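Shown next: data-v3.tsv, containing TSV, C-alpha atoms.
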chain	number	residue	atom	x	y	z
A	24	MET	CA	-0.81	-11.32	13.53
A	25	VAL	CA	-0.44	-11.18	9.77
A	26	ASP	CA	3.06	-10.17	8.65
A	27	ILE	CA	2.92	-6.66	7.16
A	28	THR	CA	6.64	-5.90	7.26
A	29	HIS	CA	6.85	-6.12	3.44
A	30	LYS	CA	4.16	-3.47	2.91
A	31	ILE	CA	4.72	0.22	2.29
A	32	SER	CA	3.04	3.03	4.20
A	33	THR	CA	0.33	4.95	2.38
A	34	LEU	CA	-2.49	7.25	3.41
A	35	ARG	CA	-5.25	5.01	4.76
A	36	THR	CA	-8.78	6.23	5.42
A	37	ALA	CA	-11.98	4.54	6.51
A	38	THR	CA	-15.52	5.62	7.33
A	39	ALA	CA	-17.85	3.44	9.38
A	40	LYS	CA	-21.43	3.86	10.45
A	41	ALA	CA	-23.43	2.67	13.44
A	42	THR	CA	-27.07	3.37	14.20
A	43	VAL	CA	-28.84	3.79	17.52
A	44	ILE	CA	-32.64	3.61	17.43
A	45	VAL	CA	-34.61	4.84	20.45
A	46	SER	CA	-38.29	4.22	21.16
A	47	LEU	CA	-39.39	7.65	22.40
A	48	GLN	CA	-39.29	11.14	20.95
A	49	ALA	CA	-38.64	12.28	24.51
A	50	THR	CA	-35.32	10.42	24.38
A	51	ILE	CA	-34.25	12.29	21.26
A	52	ASP	CA	-35.35	15.58	22.84
A	53	ALA	CA	-33.28	14.82	25.94
A	54	VAL	CA	-30.22	14.09	23.81
A	55	ILE	CA	-30.58	17.25	21.74
A	56	ASN	CA	-31.30	19.49	24.73
A	57	ASN	CA	-28.63	17.91	26.96
A	58	LEU	CA	-31.14	16.75	29.56
A	59	VAL	CA	-29.98	13.14	29.99
A	60	PRO	CA	-29.19	12.49	33.70
A	61	LYS	CA	-25.85	10.82	32.94
A	62	GLY	CA	-24.59	13.87	31.06
A	63	ASN	CA	-24.04	15.11	27.52
A	64	VAL	CA	-24.63	11.97	25.48
A	65	LEU	CA	-23.16	13.17	22.19
A	66	GLU	CA	-19.92	14.48	23.70
A	67	MET	CA	-19.43	11.58	26.11
A	68	ALA	CA	-20.03	9.01	23.38
A	69	LYS	CA	-17.64	10.84	21.05
A	70	THR	CA	-14.93	10.84	23.73
A	71	ALA	CA	-15.42	7.12	24.29
A	72	GLY	CA	-15.05	6.52	20.58
A	73	LEU	CA	-11.82	8.51	20.43
A	74	PHE	CA	-10.34	6.40	23.23
A	75	ALA	CA	-11.59	3.18	21.63
A	76	VAL	CA	-10.21	3.73	18.14
A	77	LYS	CA	-6.67	4.20	19.50
A	78	ASN	CA	-6.92	0.94	21.43
A	79	THR	CA	-8.55	-1.31	18.84
A	80	HIS	CA	-5.59	-3.70	18.90
A	81	LEU	CA	-6.24	-4.37	22.59
A	82	SER	CA	-9.71	-5.70	21.80
A	83	ILE	CA	-9.29	-7.34	18.38
A	84	PRO	CA	-6.45	-9.90	18.49
A	85	ASP	CA	-5.39	-9.70	14.83
A	86	CYS	CA	-5.35	-5.90	14.65
A	87	HIS	CA	-1.94	-4.24	14.58
A	88	PRO	CA	-1.18	-1.34	16.93
A	89	ILE	CA	-1.10	1.58	14.52
A	90	PRO	CA	-0.78	5.36	14.81
A	91	ILE	CA	-4.20	7.00	14.55
A	92	GLU	CA	-3.54	10.42	13.04
A	93	PHE	CA	-7.09	11.72	12.56
A	94	THR	CA	-10.51	10.80	13.91
A	95	SER	CA	-13.86	12.53	13.61
A	96	VAL	CA	-17.31	11.62	14.89
A	97	GLU	CA	-20.45	13.06	13.32
A	98	TYR	CA	-24.11	12.52	14.16
A	99	GLU	CA	-27.20	12.53	11.96
A	100	ILE	CA	-30.50	12.53	13.86
A	101	ASN	CA	-33.63	11.62	11.92
A	102	GLU	CA	-36.86	10.99	13.88
A	103	LEU	CA	-36.00	8.23	16.42
A	104	ARG	CA	-32.73	7.29	14.69
A	105	ILE	CA	-29.20	8.49	15.51
A	106	ASP	CA	-26.62	7.65	12.87
A	107	ILE	CA	-22.97	7.74	13.95
A	108	ILE	CA	-20.45	8.51	11.19
A	109	PHE	CA	-16.91	7.63	12.27
A	110	ASN	CA	-13.89	8.67	10.18
A	111	VAL	CA	-10.29	7.52	10.71
A	112	LYS	CA	-7.04	8.40	8.90
A	113	THR	CA	-3.44	7.27	9.21
A	114	VAL	CA	-0.28	6.88	7.16
A	115	TYR	CA	0.72	3.28	7.72
A	116	LYS	CA	1.14	-0.20	6.24
A	117	THR	CA	-2.33	-1.51	6.97
A	118	GLY	CA	-5.86	-0.15	6.79
A	119	VAL	CA	-8.08	1.36	9.47
A	120	GLU	CA	-11.49	-0.08	8.59
A	121	VAL	CA	-11.69	-2.23	11.74
A	122	GLU	CA	-10.58	0.76	13.81
A	123	ALA	CA	-13.38	2.86	12.32
A	124	MET	CA	-15.98	0.16	12.95
A	125	HIS	CA	-14.70	-0.40	16.49
A	126	GLY	CA	-14.89	3.32	17.22
A	127	ALA	CA	-18.43	3.58	15.84
A	128	SER	CA	-19.58	0.58	17.86
A	129	ILE	CA	-18.19	2.01	21.11
A	130	VAL	CA	-19.90	5.32	20.44
A	131	ALA	CA	-23.16	3.42	19.99
A	132	LEU	CA	-22.64	1.34	23.16
A	133	THR	CA	-21.85	4.46	25.16
A	134	MET	CA	-25.05	6.08	23.94
A	135	TYR	CA	-26.96	2.94	24.88
A	136	ASP	CA	-25.48	2.94	28.37
A	137	MET	CA	-26.29	6.61	28.95
A	138	LEU	CA	-29.82	6.40	27.58
A	139	LYS	CA	-31.03	3.13	29.04
A	140	PRO	CA	-32.24	4.73	32.32
A	141	ILE	CA	-34.75	6.83	30.34
A	142	ASP	CA	-35.55	4.44	27.48
A	143	LYS	CA	-35.81	0.67	27.94
A	144	ASN	CA	-36.20	-0.19	24.24
A	145	ILE	CA	-33.04	1.14	22.62
A	146	GLU	CA	-31.60	-0.81	19.69
A	147	ILE	CA	-28.13	-0.74	18.14
A	148	SER	CA	-28.16	-1.73	14.50
A	149	THR	CA	-26.21	-1.61	11.26
A	150	ILE	CA	-22.58	-1.32	12.27
A	151	LYS	CA	-20.89	-1.34	8.87
A	152	LEU	CA	-18.03	-0.02	6.79
A	153	ILE	CA	-19.05	2.79	4.44
A	154	SER	CA	-15.79	3.32	2.59
A	155	LYS	CA	-12.04	2.79	2.75
A	156	GLU	CA	-9.06	3.97	0.73
A	157	GLY	CA	-5.32	3.36	0.68
A	158	GLY	CA	-3.01	0.45	0.07
A	159	LYS	CA	-2.60	-1.54	-3.12
A	160	SER	CA	-6.33	-1.76	-3.75
A	161	SER	CA	-6.43	2.01	-4.28
A	162	PHE	CA	-3.51	2.06	-6.72
A	163	LYS	CA	-4.58	-0.51	-9.28
A	164	ASN	CA	-3.59	0.41	-12.81
A	165	ARG	CA	-5.75	-0.89	-15.64
A	166	PHE	CA	-4.40	-1.37	-19.13
A	167	PRO	CA	-6.13	-2.52	-22.32
A	168	SER	CA	-3.54	-5.29	-22.69
A	169	ALA	CA	-1.00	-6.93	-20.40
A	170	ILE	CA	2.26	-5.14	-19.65
A	171	LYS	CA	5.14	-7.21	-21.06
A	172	ALA	CA	8.49	-7.60	-19.31
A	173	ALA	CA	11.92	-9.02	-20.04
A	174	VAL	CA	13.98	-10.14	-17.03
A	175	PHE	CA	17.75	-10.53	-17.11
A	176	VAL	CA	19.99	-11.98	-14.41
A	177	CYS	CA	23.45	-10.38	-14.58
A	178	SER	CA	25.93	-12.80	-13.00
A	179	ASP	CA	29.15	-14.36	-14.23
A	180	SER	CA	28.88	-17.25	-11.75
A	181	ILE	CA	25.25	-18.09	-12.55
A	182	PHE	CA	25.96	-17.76	-16.29
A	183	ALA	CA	28.83	-20.23	-15.87
A	184	GLY	CA	26.55	-22.67	-14.03
A	185	ASP	CA	28.37	-22.39	-10.70
A	186	LYS	CA	25.29	-21.03	-8.88
A	187	GLN	CA	21.54	-21.19	-9.22
A	188	ASP	CA	19.43	-18.13	-9.90
A	189	ARG	CA	16.88	-17.14	-7.28
A	190	SER	CA	16.52	-13.37	-7.63
A	191	GLY	CA	15.39	-13.49	-11.27
A	192	LYS	CA	12.77	-16.11	-10.49
A	193	ILE	CA	11.46	-14.03	-7.59
A	194	ILE	CA	11.12	-11.04	-9.91
A	195	VAL	CA	9.16	-13.12	-12.40
A	196	GLU	CA	6.84	-14.32	-9.60
A	197	LYS	CA	6.29	-10.77	-8.36
A	198	LEU	CA	5.54	-9.57	-11.89
A	199	GLU	CA	2.92	-12.29	-12.30
A	200	ILE	CA	1.23	-11.20	-9.06
A	201	SER	CA	1.11	-7.65	-10.44
A	202	GLY	CA	-0.48	-8.83	-13.68
A	203	VAL	CA	2.67	-8.36	-15.78
A	204	GLU	CA	3.54	-10.95	-18.43
A	205	THR	CA	7.20	-12.02	-18.52
A	206	THR	CA	7.98	-12.67	-22.18
A	207	HIS	CA	11.69	-13.33	-21.75
A	208	TYR	CA	13.93	-14.55	-18.91
A	209	GLU	CA	17.65	-14.93	-19.43
A	210	ILE	CA	20.89	-15.26	-17.50
A	211	ILE	CA	23.72	-13.15	-18.96
A	212	PRO	CA	27.31	-12.41	-17.94
A	213	ASP	CA	28.43	-9.15	-16.36
A	214	GLU	CA	29.44	-7.58	-19.64
A	215	ILE	CA	28.59	-4.00	-20.61
A	216	ASP	CA	28.11	-4.73	-24.30
A	217	VAL	CA	25.79	-7.70	-23.58
A	218	ILE	CA	23.66	-5.68	-21.16
A	219	GLN	CA	23.38	-2.79	-23.62
A	220	GLU	CA	22.54	-5.07	-26.54
A	221	ARG	CA	19.77	-6.82	-24.59
A	222	THR	CA	18.35	-3.50	-23.39
A	223	LYS	CA	18.10	-1.99	-26.86
A	224	ALA	CA	16.75	-5.16	-28.44
A	225	PHE	CA	14.06	-5.98	-25.89
A	226	ALA	CA	12.89	-2.40	-25.25
A	227	LYS	CA	11.31	-2.50	-28.70
A	228	GLU	CA	8.70	-5.09	-27.70
A	229	ASN	CA	8.56	-4.91	-23.88
A	230	GLN	CA	7.42	-2.10	-21.61
A	231	LEU	CA	9.53	-3.36	-18.73
A	232	ILE	CA	13.20	-4.33	-18.83
A	233	ILE	CA	14.44	-5.55	-15.46
A	234	PHE	CA	18.03	-6.48	-14.63
A	235	THR	CA	18.97	-8.10	-11.33
A	236	GLY	CA	22.60	-8.17	-10.27
A	237	GLY	CA	25.65	-6.09	-11.01
A	238	THR	CA	24.55	-3.08	-8.93
A	239	GLY	CA	27.16	-3.44	-6.20
A	240	LEU	CA	30.68	-2.04	-5.95
A	241	SER	CA	32.89	-4.89	-7.12
A	242	PRO	CA	34.93	-4.50	-10.34
A	243	ARG	CA	32.53	-6.81	-12.24
A	244	ASP	CA	29.40	-4.94	-11.13
A	245	VAL	CA	28.81	-2.98	-14.33
A	246	THR	CA	25.04	-2.92	-14.81
A	247	PRO	CA	24.65	0.80	-13.93
A	248	GLN	CA	27.56	1.76	-16.20
A	249	ALA	CA	25.95	-0.17	-19.04
A	250	LEU	CA	22.48	1.30	-18.62
A	251	GLU	CA	23.11	4.93	-17.75
A	252	PRO	CA	24.29	5.99	-21.26
A	253	LEU	CA	21.19	4.41	-22.81
A	254	LEU	CA	18.51	5.91	-20.56
A	255	GLU	CA	16.68	8.93	-21.90
A	256	THR	CA	15.16	9.98	-18.56
A	257	ARG	CA	16.32	8.89	-15.12
A	258	ILE	CA	13.60	8.50	-12.49
A	259	PRO	CA	15.29	9.25	-9.15
A	260	GLY	CA	12.07	8.76	-7.20
A	261	ILE	CA	11.96	5.06	-8.06
A	262	GLU	CA	15.60	4.64	-7.10
A	263	GLU	CA	15.05	6.50	-3.83
A	264	ALA	CA	11.94	4.45	-3.00
A	265	ILE	CA	13.84	1.19	-3.47
A	266	ARG	CA	16.84	2.27	-1.42
A	267	ASN	CA	14.72	3.79	1.34
A	268	TYR	CA	12.63	0.63	1.60
A	269	GLY	CA	15.73	-1.53	1.72
A	270	GLN	CA	17.54	0.71	4.19
A	271	GLN	CA	14.71	0.26	6.69
A	272	ARG	CA	15.36	-3.48	6.60
A	273	MET	CA	19.07	-3.89	5.85
A	274	PRO	CA	21.72	-1.21	6.53
A	275	TYR	CA	23.87	-2.37	3.60
A	276	SER	CA	21.17	-1.25	1.14
A	277	MET	CA	22.81	2.16	0.97
A	278	LEU	CA	25.61	0.55	-1.05
A	279	SER	CA	23.33	-0.60	-3.87
A	280	ARG	CA	23.45	1.35	-7.13
A	281	THR	CA	19.86	0.84	-8.19
A	282	VAL	CA	18.98	2.42	-11.53
A	283	ALA	CA	15.61	3.41	-12.99
A	284	GLY	CA	14.85	5.26	-16.20
A	285	THR	CA	13.13	5.20	-19.55
A	286	LEU	CA	14.21	4.13	-23.00
A	287	GLY	CA	11.50	5.01	-25.48
A	288	ASN	CA	8.24	3.78	-23.98
A	289	SER	CA	9.98	1.23	-21.77
A	290	LEU	CA	10.88	1.42	-18.10
A	291	VAL	CA	14.33	0.02	-17.39
A	292	LEU	CA	15.23	-1.12	-13.87
A	293	ALA	CA	18.49	-2.38	-12.41
A	294	LEU	CA	17.86	-4.13	-9.10
A	295	PRO	CA	20.19	-5.82	-6.59
A	296	GLY	CA	21.24	-9.38	-7.29
A	297	SER	CA	20.75	-10.80	-3.81
A	298	THR	CA	17.56	-12.74	-3.20
A	299	ASN	CA	16.32	-10.40	-0.48
A	300	GLY	CA	17.48	-7.34	-2.37
A	301	ALA	CA	15.48	-8.31	-5.45
A	302	LYS	CA	12.40	-9.27	-3.42
A	303	GLU	CA	12.43	-6.10	-1.34
A	304	SER	CA	13.01	-3.91	-4.38
A	305	MET	CA	9.93	-5.39	-6.04
A	306	ASP	CA	7.89	-5.00	-2.85
A	307	ALA	CA	8.97	-1.37	-2.62
A	308	ILE	CA	7.61	-0.25	-5.99
A	309	PHE	CA	5.13	-2.80	-7.36
A	310	PRO	CA	2.40	-2.62	-8.46
A	311	HIS	CA	2.16	1.17	-8.19
A	312	VAL	CA	5.23	1.79	-10.37
A	313	LEU	CA	3.14	0.55	-13.31
A	314	HIS	CA	1.42	3.94	-13.24
A	315	VAL	CA	4.45	5.17	-15.19
A	316	PHE	CA	2.96	3.67	-18.35
A	317	HIS	CA	-0.08	5.94	-18.09
A	318	ILE	CA	2.23	8.93	-17.69
A	319	LEU	CA	4.41	7.91	-20.64
A	320	LYS	CA	1.26	7.95	-22.77
A	321	GLY	CA	0.61	11.56	-21.76
A	322	ASN	CA	-2.14	10.88	-19.23
A	323	ASN	CA	-2.31	12.67	-15.88
A	324	HIS	CA	-1.81	11.13	-12.45
A	325	ASP	CA	-5.56	10.68	-11.88
A	326	ILE	CA	-5.75	7.93	-14.49
A	327	LYS	CA	-5.79	4.43	-12.98

Encoded form (structure tokens):
Amino acid sequence: MVDITHKISTLRTATAKATVIVSLQATIDAVINNLVPKGNVLEMAKTAGLFAVKNTHLSIPDCHPIPIEFTSVEYEINELRIDIIFNVKTVYKTGVEVEAMHGASIVALTMYDMLKPIDKNIEISTIKLISKEGGKSSFKNRFPSAIKAAVFVCSDSIFAGDKQDRSGKIIVEKLEISGVETTHYEIIPDEIDVIQERTKAFAKENQLIIFTGGTGLSPRDVTPQALEPLLETRIPGIEEAIRNYGQQRMPYSMLSRTVAGTLGNSLVLALPGSTNGAKESMDAIFPHVLHVFHILKGNNHDIK
């Protein structure tokens, strides 16, 4: 199966539709009046669909076993046509569109099985996805021009040339995927005055200032101390999201002093310096954290 361990859980919804077409008005009358010999077609088919949607992963190899937290089945009968509307909701890392389509198809097959003794010309048609929401595709932020970012690697050893940078390069790659332009990338020492000078200088032209490294507990880890006096507004939710995401994957994440806040119209982030720490921090909040730039302009949360 596709690796989804890097994804975050969001509300996922999907609506699918399947259509059963019968050949006789008498068949429709039997369904409506509950006169089908095999039993109540609408209720039996609905029950089959509820069982099916929760077991989609047993039938479709690439589907993940996921918690199904809401399902509804609705019918629309028009002449000789029965439309099945199947809705699914969950809060998880991956979508439920296949689950909705699987549920709708099983409802249709159950109806076919129950009606075939009284109608030999039943047709199942148009099993399709009507809509889906959730995940990154539902949280795309559009801006008239590219968001610009400056990325700084805070590390005495990398600055001295004793080690190679990996975390800063990962951040730049993640920014590119999110449609953010990195205008500046630099390795600097763990010095408070250098960090503060870079922050104030680059916040004038960049909406994002990202530091990686210096968020631990050693005597030379000073990035939070450097940034905190400069920030006008702390954003605890971003910090909590990063630490919570990391804690689910690495118990030592609780020791990271991640920082997030604003300076003017710029968002300033201090992320861990380890390769995995930087990668996971970016996975935890991008691209949806970019919504902050709509809010800083005075827009409401409905703007995308």

TODO: Tell me, as a PyMOL selection string, which residues lie within 8 Å of A:Thr42, counting only C-alpha atoms; anything in the same chain fewer than 5 positions away does not count.
DONE: chain A and resi 104-107+131+147-150

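The space between atom CA of A:Ala53 and atom CA of A:Phe74 spans 24.6 Å.
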
Task: Nearby residues (all atoms listed in the file) at most 8 Å from A:Thr222, same-chain spacing under 4 positions excluded, as a VMD selection string - done: chain A and resid 218 226 232 250

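Distance check against A:Arg280 using only C-alpha atoms: of A:Ser180, A:Thr246, A:Ser168, A:Asn56, the minimum falls on A:Thr246.
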
- [ ] Find, counting all atoms listed in the file, the residue in A:His314, A:Ala71, A:Thr36, A:Phe109 that gets nearest to A:Glu92.
- [x] A:Thr36

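The gap separating atom CA of A:Ile211 from atom CA of A:Glu199 is 21.9 Å, in Å to one decimal.
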
Task: Selection near A:Gly126, 6 Å with all atoms listed in the file, sequence-local residues under 2 positions removed, as a PyMOL selection string - done: chain A and resi 72+75-76+123-124+128-129
